[in-house]
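J.: Following this message is one structure expressed as structure tokens.
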Amino acid sequence: MSSHMFGGRPEIGKPPAGAGIEFDVGMWPLVLVTMPPMIRMDDIVYLQESYELIFAAPNRHALVVDTTTIESIPDATLRRRMKEFEDSRRPIIREKNIGSAIVLSSSLVRGAYTALRWISPQPAPNKAFSNVRDAARWCIEGIEADGQEVPPAAYVLAGMS
């Protein structure tokens, strides 16, 4: 898998026909992942391939994952596949990911997520938010602290422009 760089930004291919996931590197090093209403194996495969491309990029990144669009919880097989991938990539995640902000719609889910992360710590900082704006702001603070330039569009997303 070749990784074409544009100013250090990885080139991510289009999702396969059956996948509804969006993986946006247009505000690199801020990456915005939008989950589809129903997550399928095609989505997971595309997500993992895209992650490999951003891990291969020379600079570190911050991730906003918007799950407010999900209508049904992925089944056990898909969840296991995601966990296995995460577990297998812990060292590179620790090295390349400044932080991951997960956007969750309900406060109950956010509480459960936070509790889960506390029980099973992530290799990189991980925080739950109720909206993309706050999530993006937290990521931008991390990118700035990492000494990297933040593109104007990321500040707009975070309501900081």
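Residue names in the structure tokens use chain letters A, B, ... in the order shown, residue numbers from 1 in each chain, and ligand numbers from 1 in the order shown.
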From a backbone DSSP assignment, name each residue in range 73-148 of chain A labelled helix (DSSP H, G or I), as an NGL selection string.

T.: :A and (76-88 or 90-96 or 107-119 or 132-145)

J.: What's the 12 Å shell around range 7-21 of chain A, counting only C-alpha atoms, without same-chain residues fewer than 5 positions away, as a VMD selection string?

T.: chain A and resid 1 to 2 26 to 61 65 to 67 69 to 70 148 to 149 151

J.: Can you tell me, as a PyMOL selection string, what residues are no more than 9 Å from Glu95 in chain A when counting only C-alpha atoms, ignoring any on the same chain fewer than 2 positions away?

T.: chain A and resi 55+60+90-93+97-98+123-124

J.: Go ahead and save the residues from that selection, with C-alpha atoms, as a CSV table (one decimal), in the first residue's frame.

T.:
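Output contents, as saved in out39.csv:
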```
chain,number,residue,atom,x,y,z
A,55,PHE,CA,0.2,5.9,11.0
A,60,ARG,CA,1.5,13.0,14.4
A,90,ARG,CA,-0.9,0.0,20.5
A,91,PRO,CA,2.8,1.1,20.0
A,92,ILE,CA,2.2,3.0,16.8
A,93,ILE,CA,-1.0,4.6,18.2
A,97,ASN,CA,-1.8,9.7,17.8
A,98,ILE,CA,-1.8,13.0,19.8
A,123,PRO,CA,-2.4,4.0,24.3
A,124,ALA,CA,-3.0,7.7,23.5
```

J.: What are the DSSP strand (DSSP E) residues of range 1-157 of chain A, as number ranges by chain?

T.: A: 5-6, 9-10, 22-27, 30-34, 61-66, 97-103, 126-129

J.: Can you tell me which residues surround Trp138 in chain A at a distance of at most 12 Å, considering only C-alpha atoms, apart from same-chain residues fewer than 4 positions away, and format the answer as JSON, numbers by chain?

T.: {"A": [30, 62, 63, 64, 98, 99, 100, 101, 102, 103, 125, 126, 127, 128, 129, 131, 132, 133, 134, 142, 143, 144, 145, 154, 155, 157, 158, 159, 160]}

J.: One number please: CA of Met82 in chain A to CA of Asp146 in chain A, in Å, one decimal.

T.: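 Separation between CA of Met82 in chain A and CA of Asp146 in chain A: 27.0 Å.
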
J.: Which is closer to Ser161 in chain A than all the others in A:Arg110, A:Ile140, A:Leu104, A:Ser88, using only C-alpha atoms?

T.: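 Closest to Ser161 in chain A, using only C-alpha atoms: A:Ile140.
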
J.: What is the distance between CA of Ser72 in chain A and CA of Ser107 in chain A, in Å to one decimal?

T.: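 Distance between the two atoms: 16.9 Å.
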
J.: Could you state the separation of CA of Gly111 in chain A and CA of Val156 in chain A in Å, given to one decimal place?

T.: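 Those two atoms sit 27.7 Å apart.
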